[in-house]
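Asks: Next up, upload-v7.cif (mmCIF, C-alpha atoms and all ligand atoms).
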```cif
data_target
loop_
_atom_site.label_atom_id
_atom_site.label_comp_id
_atom_site.auth_asym_id
_atom_site.auth_seq_id
_atom_site.Cartn_x
_atom_site.Cartn_y
_atom_site.Cartn_z
CA MET A 749 30.73 -9.08 14.09
CA PRO A 750 29.50 -6.23 11.89
CA ARG A 751 25.80 -5.71 11.71
CA VAL A 752 24.29 -6.57 8.34
CA TRP A 753 21.51 -4.31 7.28
CA LEU A 754 18.69 -5.73 5.21
CA PRO A 755 15.73 -3.66 4.07
CA SER A 756 12.73 -4.48 6.25
CA SER A 757 10.39 -3.33 3.53
CA LEU A 758 10.38 -1.97 0.03
CA SER A 759 9.76 1.53 1.35
CA THR A 760 12.92 1.36 3.41
CA LEU A 761 14.81 0.37 0.32
CA PHE A 762 13.56 3.17 -1.86
CA VAL A 763 14.12 5.84 0.80
CA LEU A 764 17.70 4.64 0.99
CA LEU A 765 18.23 4.45 -2.76
CA ALA A 766 16.57 7.78 -3.37
CA ALA A 767 18.79 9.42 -0.78
CA LEU A 768 21.96 7.90 -2.17
CA VAL A 769 21.25 8.56 -5.81
CA LEU A 770 19.95 12.10 -5.23
CA PRO A 771 17.93 12.29 -8.44
CA ALA A 772 17.12 15.52 -10.18
CA CYS A 773 14.06 17.70 -10.27
CA SER A 774 11.53 17.54 -13.06
CA THR A 775 8.36 19.39 -13.99
CA ASN A 776 5.15 17.48 -13.42
CA PRO A 777 3.05 18.01 -16.58
CA THR A 778 -0.18 17.64 -14.58
CA THR A 779 0.50 20.37 -12.04
CA GLY A 780 3.18 22.39 -13.84
CA ARG A 781 5.19 22.28 -10.63
CA SER A 782 8.86 21.39 -10.41
CA GLN A 783 9.31 18.33 -8.19
CA PHE A 784 12.28 16.72 -6.55
CA ASN A 785 12.14 13.05 -7.54
CA ALA A 786 12.44 11.19 -4.27
CA MET A 787 10.88 8.16 -5.96
CA SER A 788 10.92 6.93 -9.54
CA ARG A 789 7.69 5.93 -11.22
CA GLU A 790 8.75 2.28 -10.99
CA GLU A 791 9.25 2.68 -7.25
CA GLU A 792 5.85 4.31 -6.90
CA ILE A 793 4.20 1.42 -8.75
CA ALA A 794 6.09 -1.17 -6.69
CA LEU A 795 5.13 0.54 -3.45
CA GLY A 796 1.44 0.74 -4.36
CA THR A 797 1.35 -2.85 -5.59
CA GLN A 798 3.04 -4.15 -2.46
CA ALA A 799 0.95 -2.18 0.01
CA LYS A 800 -2.43 -2.83 -1.62
CA PRO A 801 -3.12 -6.29 -0.13
CA GLU A 802 -2.12 -5.09 3.35
CA LEU A 803 -4.44 -2.16 3.11
CA ILE A 804 -7.37 -4.26 1.87
CA LYS A 805 -6.83 -6.64 4.77
CA GLU A 806 -6.71 -3.78 7.24
CA TYR A 807 -10.10 -2.61 6.01
CA GLY A 808 -11.89 -5.95 6.12
CA GLY A 809 -11.49 -6.98 2.48
CA GLU A 810 -13.27 -5.89 -0.67
CA VAL A 811 -17.03 -5.63 -1.06
CA ALA A 812 -18.15 -9.05 -2.29
CA ARG A 813 -20.58 -7.91 -4.98
CA ALA A 814 -18.77 -7.77 -8.31
CA ASP A 815 -21.30 -5.37 -9.87
CA LEU A 816 -20.66 -2.75 -7.16
CA ARG A 817 -16.91 -3.08 -7.53
CA ALA A 818 -17.20 -2.85 -11.32
CA TYR A 819 -19.21 0.35 -11.05
CA ILE A 820 -16.51 2.07 -8.97
CA THR A 821 -13.89 0.92 -11.45
CA GLU A 822 -15.94 2.17 -14.40
CA VAL A 823 -16.29 5.68 -12.95
CA GLY A 824 -12.65 5.71 -11.84
CA MET A 825 -11.31 4.66 -15.23
CA ARG A 826 -13.46 7.27 -16.98
CA LEU A 827 -11.56 9.88 -14.95
CA VAL A 828 -8.20 8.22 -15.52
CA ALA A 829 -8.73 8.40 -19.29
CA THR A 830 -8.81 12.20 -19.03
CA THR A 831 -5.41 12.41 -17.28
CA ALA A 832 -3.79 11.78 -20.68
CA GLU A 833 -4.61 15.34 -21.72
CA ASP A 834 -1.90 16.51 -19.30
CA ASP A 835 0.46 13.54 -19.52
CA PRO A 836 -0.24 10.61 -21.90
CA SER A 837 1.93 8.25 -19.85
CA LEU A 838 -0.42 8.42 -16.84
CA THR A 839 -3.01 6.11 -18.36
CA SER A 840 -0.45 3.32 -18.50
CA LEU A 841 -0.11 3.22 -14.71
CA PRO A 842 -1.61 0.02 -13.25
CA TRP A 843 -4.75 1.81 -12.00
CA GLU A 844 -7.05 -0.10 -9.69
CA PHE A 845 -10.13 1.09 -7.81
CA THR A 846 -11.00 -0.90 -4.71
CA LEU A 847 -14.32 -0.74 -2.86
CA LEU A 848 -13.52 -1.69 0.72
CA ASP A 849 -15.99 -3.65 2.82
CA SER A 850 -15.73 -1.18 5.68
CA PRO A 851 -18.32 1.07 7.35
CA VAL A 852 -15.57 3.58 8.15
CA ILE A 853 -15.87 6.74 6.07
CA ASN A 854 -12.65 7.16 4.11
CA ALA A 855 -10.91 7.11 0.74
CA PHE A 856 -7.23 7.12 -0.04
CA ALA A 857 -4.64 6.43 -2.70
CA LEU A 858 -1.29 4.75 -2.92
CA PRO A 859 1.42 5.93 -5.31
CA GLY A 860 1.37 4.34 -8.74
CA GLY A 861 -2.40 4.27 -9.23
CA LYS A 862 -4.11 2.33 -6.44
CA VAL A 863 -7.27 4.05 -5.22
CA PHE A 864 -9.47 2.86 -2.34
CA MET A 865 -12.89 3.90 -1.10
CA SER A 866 -14.91 2.47 1.75
CA ARG A 867 -18.54 1.46 1.27
CA GLY A 868 -19.21 3.59 4.37
CA LEU A 869 -18.27 6.68 2.38
CA ALA A 870 -20.06 5.52 -0.78
CA SER A 871 -23.29 5.05 1.18
CA LYS A 872 -23.33 8.75 2.14
CA MET A 873 -23.31 9.95 -1.46
CA THR A 874 -26.37 10.82 -3.50
CA ASN A 875 -25.08 11.02 -7.06
CA GLU A 876 -22.38 9.80 -9.44
CA ALA A 877 -20.68 13.21 -9.61
CA GLN A 878 -19.96 12.99 -5.87
CA LEU A 879 -18.40 9.56 -6.42
CA ALA A 880 -16.37 10.98 -9.31
CA ALA A 881 -15.29 13.85 -7.03
CA VAL A 882 -13.85 11.50 -4.42
CA LEU A 883 -12.21 9.18 -6.95
CA GLY A 884 -10.94 12.14 -8.99
CA HIS A 885 -9.45 13.69 -5.86
CA GLU A 886 -7.59 10.46 -5.08
CA VAL A 887 -6.43 10.13 -8.70
CA GLY A 888 -5.13 13.69 -8.24
CA HIS A 889 -2.97 12.65 -5.27
CA VAL A 890 -1.41 10.03 -7.57
CA THR A 891 -0.92 12.22 -10.66
CA ALA A 892 0.40 15.15 -8.60
CA ARG A 893 2.74 12.67 -6.85
CA HIS A 894 2.01 13.93 -3.36
CA VAL A 895 3.60 10.98 -1.58
CA ASN A 896 6.79 11.67 -3.50
CA ASP A 897 6.66 15.27 -2.27
CA ARG A 898 6.19 14.15 1.32
CA PHE A 899 9.23 11.92 1.06
CA ALA A 900 11.24 14.61 -0.70
CA ARG A 901 10.45 17.02 2.12
CA GLN A 902 11.31 14.45 4.73
CA MET A 903 14.59 13.68 3.01
CA GLY A 904 15.41 17.36 2.90
CA SER A 905 14.84 17.93 6.59
CA GLN A 906 15.96 14.63 8.05
CA LEU A 907 18.42 13.32 5.51
CA GLY A 908 21.30 12.74 7.90
CA ILE A 909 19.31 11.27 10.75
CA GLY A 910 17.14 9.19 8.43
CA ILE A 911 20.01 7.56 6.60
CA VAL A 912 21.94 6.89 9.80
CA SER A 913 18.95 5.20 11.36
CA ILE A 914 18.49 3.05 8.26
CA PHE A 915 22.09 1.90 8.38
CA LEU A 916 21.75 1.11 12.06
CA GLY A 917 18.99 -1.25 11.08
CA ALA A 918 16.32 0.70 12.92
CA ASP A 919 12.89 -0.41 11.86
CA LEU A 920 11.15 2.40 10.07
CA SER A 921 7.72 3.07 11.45
CA GLY A 922 5.12 5.77 11.06
CA ALA A 923 5.16 7.37 7.62
CA GLN A 924 7.49 4.71 6.27
CA ASN A 925 5.03 1.99 7.15
CA LEU A 926 3.39 0.87 3.92
CA VAL A 927 -0.17 1.21 5.11
CA GLY A 928 0.76 4.39 6.95
CA ILE A 929 1.64 5.95 3.61
CA ALA A 930 -1.94 5.57 2.44
CA LEU A 931 -3.34 6.83 5.72
CA MET A 932 -1.08 9.79 6.23
CA SER A 933 -2.67 13.18 6.06
CA TYR A 934 -1.80 15.59 3.32
CA ASP A 935 -1.22 19.26 3.85
CA ARG A 936 -3.60 22.03 2.92
CA GLU A 937 -1.98 22.80 -0.45
CA GLN A 938 -1.96 19.14 -1.47
CA GLU A 939 -5.64 18.74 -0.56
CA LEU A 940 -6.62 21.83 -2.53
CA GLU A 941 -4.49 20.74 -5.48
CA SER A 942 -6.15 17.29 -5.50
CA ASP A 943 -9.61 18.85 -5.29
CA ALA A 944 -8.80 21.08 -8.27
CA LEU A 945 -7.42 18.12 -10.24
CA GLY A 946 -10.49 16.08 -9.36
CA MET A 947 -12.71 18.85 -10.71
CA ARG A 948 -10.58 19.03 -13.87
CA TYR A 949 -10.96 15.29 -14.50
CA MET A 950 -14.67 15.42 -13.70
CA ALA A 951 -15.40 18.22 -16.15
CA ARG A 952 -13.40 16.47 -18.87
CA ALA A 953 -15.35 13.25 -18.25
CA GLY A 954 -18.70 15.05 -18.43
CA TYR A 955 -19.48 15.24 -14.71
CA ASN A 956 -20.72 18.35 -12.98
CA PRO A 957 -17.84 19.49 -10.73
CA LEU A 958 -20.48 20.71 -8.30
CA GLY A 959 -20.18 17.14 -6.97
CA THR A 960 -16.91 18.14 -5.28
CA LYS A 961 -18.57 20.86 -3.22
CA GLN A 962 -21.54 18.60 -2.45
CA VAL A 963 -19.45 15.71 -1.19
CA MET A 964 -17.34 18.05 0.91
CA GLU A 965 -20.48 19.37 2.56
CA ILE A 966 -21.66 15.81 3.23
CA LEU A 967 -18.33 15.01 4.86
CA ALA A 968 -18.37 18.17 6.96
CA ARG A 969 -21.83 17.17 8.23
CA GLU A 970 -20.64 13.66 9.01
CA ALA A 971 -17.63 15.01 10.88
CA GLY A 972 -19.92 17.04 13.07
CA GLY A 973 -21.73 13.92 14.20
CA ARG A 974 -20.88 11.20 16.65
CA GLY A 975 -17.19 10.35 16.79
CA GLY A 976 -16.22 12.36 13.73
CA SER A 977 -15.17 10.76 10.49
CA GLU A 978 -11.89 9.11 9.63
CA ILE A 979 -11.67 10.89 6.32
CA MET A 980 -11.18 14.16 8.16
CA SER A 981 -7.91 12.89 9.57
CA THR A 982 -6.54 11.88 6.18
CA HIS A 983 -8.18 14.71 4.22
CA PRO A 984 -8.41 17.69 6.56
CA LEU A 985 -9.81 21.20 6.29
CA PRO A 986 -13.28 20.71 4.77
CA GLU A 987 -14.26 24.36 5.24
CA SER A 988 -11.47 25.84 3.15
CA ARG A 989 -12.00 23.12 0.56
CA VAL A 990 -15.71 23.91 0.21
CA LYS A 991 -14.80 27.58 -0.24
CA ARG A 992 -12.17 26.84 -2.87
CA ALA A 993 -14.51 24.48 -4.76
CA GLN A 994 -17.13 27.22 -4.83
CA GLN A 995 -14.57 29.70 -6.22
CA LEU A 996 -13.63 27.29 -9.00
CA LEU A 997 -17.30 26.66 -9.83
CA GLU A 998 -17.77 30.40 -10.24
CA SER A 999 -14.62 30.89 -12.33
CA GLU A 1000 -12.87 28.07 -14.19
CA TYR A 1001 -15.90 25.78 -14.25
CA SER A 1002 -18.70 28.32 -14.58
CA PHE A 1003 -19.35 26.92 -18.09
CA THR A 1004 -20.41 23.60 -16.54
CA GLN A 1005 -23.10 25.09 -14.29
CA GLY A 1006 -26.62 24.84 -15.64
CA ASN A 1007 -25.17 22.95 -18.63
CA PRO A 1008 -26.88 19.57 -19.15
CA GLN A 1009 -23.72 18.15 -20.73
CA TYR A 1010 -22.21 17.99 -17.24
CA LYS A 1011 -24.23 15.51 -15.26
CA LEU A 1012 -24.73 14.81 -11.58
CA GLY A 1013 -26.10 11.35 -12.40
CA GLU A 1014 -28.52 10.92 -9.48
CA GLN A 1015 -30.79 8.29 -11.01
CA GLU A 1016 -27.91 6.28 -12.42
CA PHE A 1017 -26.15 6.26 -9.08
CA GLN A 1018 -29.30 5.23 -7.25
CA ALA A 1019 -30.16 2.43 -9.68
CA ARG A 1020 -26.73 1.04 -10.43
CA PHE A 1021 -25.09 1.44 -7.05
CA LEU A 1022 -26.86 2.86 -4.02
CA SER A 1023 -29.96 0.62 -4.07
CA LYS A 1024 -27.79 -2.48 -4.44
CA LEU A 1025 -25.40 -1.36 -1.73
CA ALA A 1026 -28.31 -0.69 0.63
CA ALA A 1027 -29.74 -4.14 -0.13
CA ALA A 1028 -26.41 -5.79 0.59
CA TYR A 1029 -25.80 -3.83 3.80
CA PRO A 1030 -29.21 -2.87 5.24
CA GLU A 1031 -29.08 -0.41 8.11
CA GLY A 1032 -30.54 -1.63 11.37
CA ARG A 1033 -29.48 -5.24 10.85
CA PRO A 1034 -27.93 -6.30 14.18
CA GLU A 1035 -24.50 -6.97 12.71
CA ASN A 1036 -24.56 -3.62 10.95
CA VAL A 1037 -25.48 -1.74 14.13
CA ARG A 1038 -22.55 -3.46 15.80
CA GLU A 1039 -20.17 -2.62 12.97
CA GLN A 1040 -21.33 0.99 13.06
CA MET A 1041 -20.24 1.11 16.68
CA LEU A 1042 -16.95 -0.50 15.76
CA ALA A 1043 -16.51 2.06 13.02
CA THR A 1044 -16.78 4.85 15.55
CA ALA A 1045 -14.18 3.17 17.71
CA VAL A 1046 -11.84 2.75 14.74
CA VAL A 1047 -12.30 6.40 13.81
CA GLY A 1048 -11.14 7.45 17.25
CA CYS A 1049 -8.12 5.20 17.04
CA VAL A 1050 -6.98 6.22 13.60
CA ALA A 1051 -7.58 9.91 14.26
CA GLY A 1052 -5.51 9.60 17.42
CA CYS A 1053 -2.73 7.83 15.55
CA GLN A 1054 -2.45 10.44 12.83
CA ASP A 1055 0.20 12.41 14.65
CA CYS A 1056 2.53 9.45 14.69
CA LEU A 1057 1.91 8.85 10.98
CA ARG A 1058 3.15 12.28 9.97
ZN ZN B 1 -6.84 14.06 -0.19
#
```
Starting from the coordinates I provided, produce the structure as structure tokens.
Ligand SMILES: [Zn+2]
Replies:
Amino acid sequence: MPRVWLPSSLSTLFVLLAALVLPACSTNPTTGRSQFNAMSREEEIALGTQAKPELIKEYGGEVARADLRAYITEVGMRLVATTAEDDPSLTSLPWEFTLLDSPVINAFALPGGKVFMSRGLASKMTNEAQLAAVLGHEVGHVTARHVNDRFARQMGSQLGIGIVSIFLGADLSGAQNLVGIALMSYDREQELESDALGMRYMARAGYNPLGTKQVMEILAREAGGRGGSEIMSTHPLPESRVKRAQQLLESEYSFTQGNPQYKLGEQEFQARFLSKLAAAYPEGRPENVREQMLATAVVGCVAGCQDCLR
């Protein structure tokens, strides 16, 4: 009896369809780069929408406090509004900013406009510009369509093998896993491109793009500590990113430095977010000490699994 193949997940389906249809290249108005369309925008949205609940579950749910979640959304949407200057259609994506109830230090994005940040990462920041830097960077992964590029590359190198294995009904794992897509690491060029886009959105929204360099330095410090930091496995190369951010601050964004129109927003961040977050998750509480230890364990696991997610 012939074997009937059914897609085990939406991602399986779109990899198959994309490979069969072989769609054309187009220029991304945000980056100016020509891209091979491995996924349509509709497929990106469907993928992000489907994977979001899985990802939230994986990270222990959303932070319960609505005011903290609303604050993240407010800053995120302020950045999203500026993406229209490159491509007006981007603001119509179903953008959502999720604050995860996890002590792990990480942030990531799914195609189609779903952005996630852990409270562990948020608690390390000292101003709103740093928050905008992280959210803007993740928005940049979406607008630059980096997951599409990863799939396009994979299709180019493994087209034959990939399609054969799909038809054989082999379960796609690793990068094809929905949550794996959010947790996969990007390459150096993609990271630098997202940093630059984040700085672009920040400056347009009135934030000091110095926040990008600051948050990178915070992350580099965290990575040097006990157990490292998960964000380093999904967003590698902090040193070259700090250097590039500094170059952009001295060139393209020199007009923002020392200019009060471009704010860091320390007091606002402290009053509207950090003080409330600290009250909700006080350090030293027994359960929080325990979860900190768990976070370290999770970091080790995820970092170790990164190779199989590529
Ligand atoms: Zn990144």
Asks: Just checking: using all atoms listed in the file, which residue out of A:Ala1019, A:Ala812, A:Leu841, A:Met947 ends up closest to A:Lys862?
Replies: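 Once distances to A:Lys862 are computed over all atoms listed in the file, the minimum belongs to A:Leu841.
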Asks: Give me the residues of chain A that have any atom at most 9 Å from an atom of ligand ZN 1 (chain B); for each, the nearest atom pair and the distance in Å, rounded to one decimal. Use all atoms listed in the file, sort by chain and number, and format it as a Markdown table.
Replies:
```
| residue | atom | partner | partner_atom | distance |
| --- | --- | --- | --- | --- |
| A:Ala855 | CA | B:ZN1 | ZN | 8.1 |
| A:Phe856 | CA | B:ZN1 | ZN | 7.0 |
| A:Ala857 | CA | B:ZN1 | ZN | 8.3 |
| A:Val882 | CA | B:ZN1 | ZN | 8.6 |
| A:His885 | CA | B:ZN1 | ZN | 6.3 |
| A:Glu886 | CA | B:ZN1 | ZN | 6.1 |
| A:Gly888 | CA | B:ZN1 | ZN | 8.2 |
| A:His889 | CA | B:ZN1 | ZN | 6.5 |
| A:Ser933 | CA | B:ZN1 | ZN | 7.6 |
| A:Tyr934 | CA | B:ZN1 | ZN | 6.3 |
| A:Asp935 | CA | B:ZN1 | ZN | 8.7 |
| A:Gln938 | CA | B:ZN1 | ZN | 7.2 |
| A:Glu939 | CA | B:ZN1 | ZN | 4.8 |
| A:Leu940 | CA | B:ZN1 | ZN | 8.1 |
| A:Glu941 | CA | B:ZN1 | ZN | 8.8 |
| A:Ser942 | CA | B:ZN1 | ZN | 6.3 |
| A:Asp943 | CA | B:ZN1 | ZN | 7.5 |
| A:Ile979 | CA | B:ZN1 | ZN | 8.7 |
| A:Thr982 | CA | B:ZN1 | ZN | 6.7 |
| A:His983 | CA | B:ZN1 | ZN | 4.7 |
| A:Pro984 | CA | B:ZN1 | ZN | 7.8 |
```
Asks: Using all atoms listed in the file, which of the listed residues (A:Pro842, A:Gly860, A:Gly809, A:Gly868) sits closest to A:Ala892?
Replies: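 Looking at the shortest contact to A:Ala892, the residue is A:Gly860.
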Asks: Can you pull out every residue within 10 Å of A:Ser850, counting all atoms listed in the file, but drop anything in the same chain fewer than 5 positions away, and send it as a list in words?
Replies: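 Selected residues are Ile804, Glu806, Tyr807, Gly808, Gly809, Glu810, Val811, Met865, Ser866, Arg867, Gly868, Leu869, Glu1039, Gln1040 and Ala1043 of chain A.
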Asks: Grab the residues selected above and save them as an mmCIF file, keeping the file's coordinate frame with C-alpha atoms.
Replies:
```cif
data_model
loop_
_atom_site.group_PDB
_atom_site.id
_atom_site.type_symbol
_atom_site.label_atom_id
_atom_site.label_comp_id
_atom_site.auth_asym_id
_atom_site.auth_seq_id
_atom_site.Cartn_x
_atom_site.Cartn_y
_atom_site.Cartn_z
ATOM 1 C CA ILE A 804 -7.370 -4.260 1.870
ATOM 2 C CA GLU A 806 -6.710 -3.780 7.240
ATOM 3 C CA TYR A 807 -10.100 -2.610 6.010
ATOM 4 C CA GLY A 808 -11.890 -5.950 6.120
ATOM 5 C CA GLY A 809 -11.490 -6.980 2.480
ATOM 6 C CA GLU A 810 -13.270 -5.890 -0.670
ATOM 7 C CA VAL A 811 -17.030 -5.630 -1.060
ATOM 8 C CA MET A 865 -12.890 3.900 -1.100
ATOM 9 C CA SER A 866 -14.910 2.470 1.750
ATOM 10 C CA ARG A 867 -18.540 1.460 1.270
ATOM 11 C CA GLY A 868 -19.210 3.590 4.370
ATOM 12 C CA LEU A 869 -18.270 6.680 2.380
ATOM 13 C CA GLU A 1039 -20.170 -2.620 12.970
ATOM 14 C CA GLN A 1040 -21.330 0.990 13.060
ATOM 15 C CA ALA A 1043 -16.510 2.060 13.020
#
```
Asks: Counting only C-alpha atoms, what is within 12 Å of A:Ser1023, bar same-chain residues fewer than 6 positions away, as a ChimeraX atom specification?
Replies: /A:816,870-871,873-875,1014-1017,1029-1030
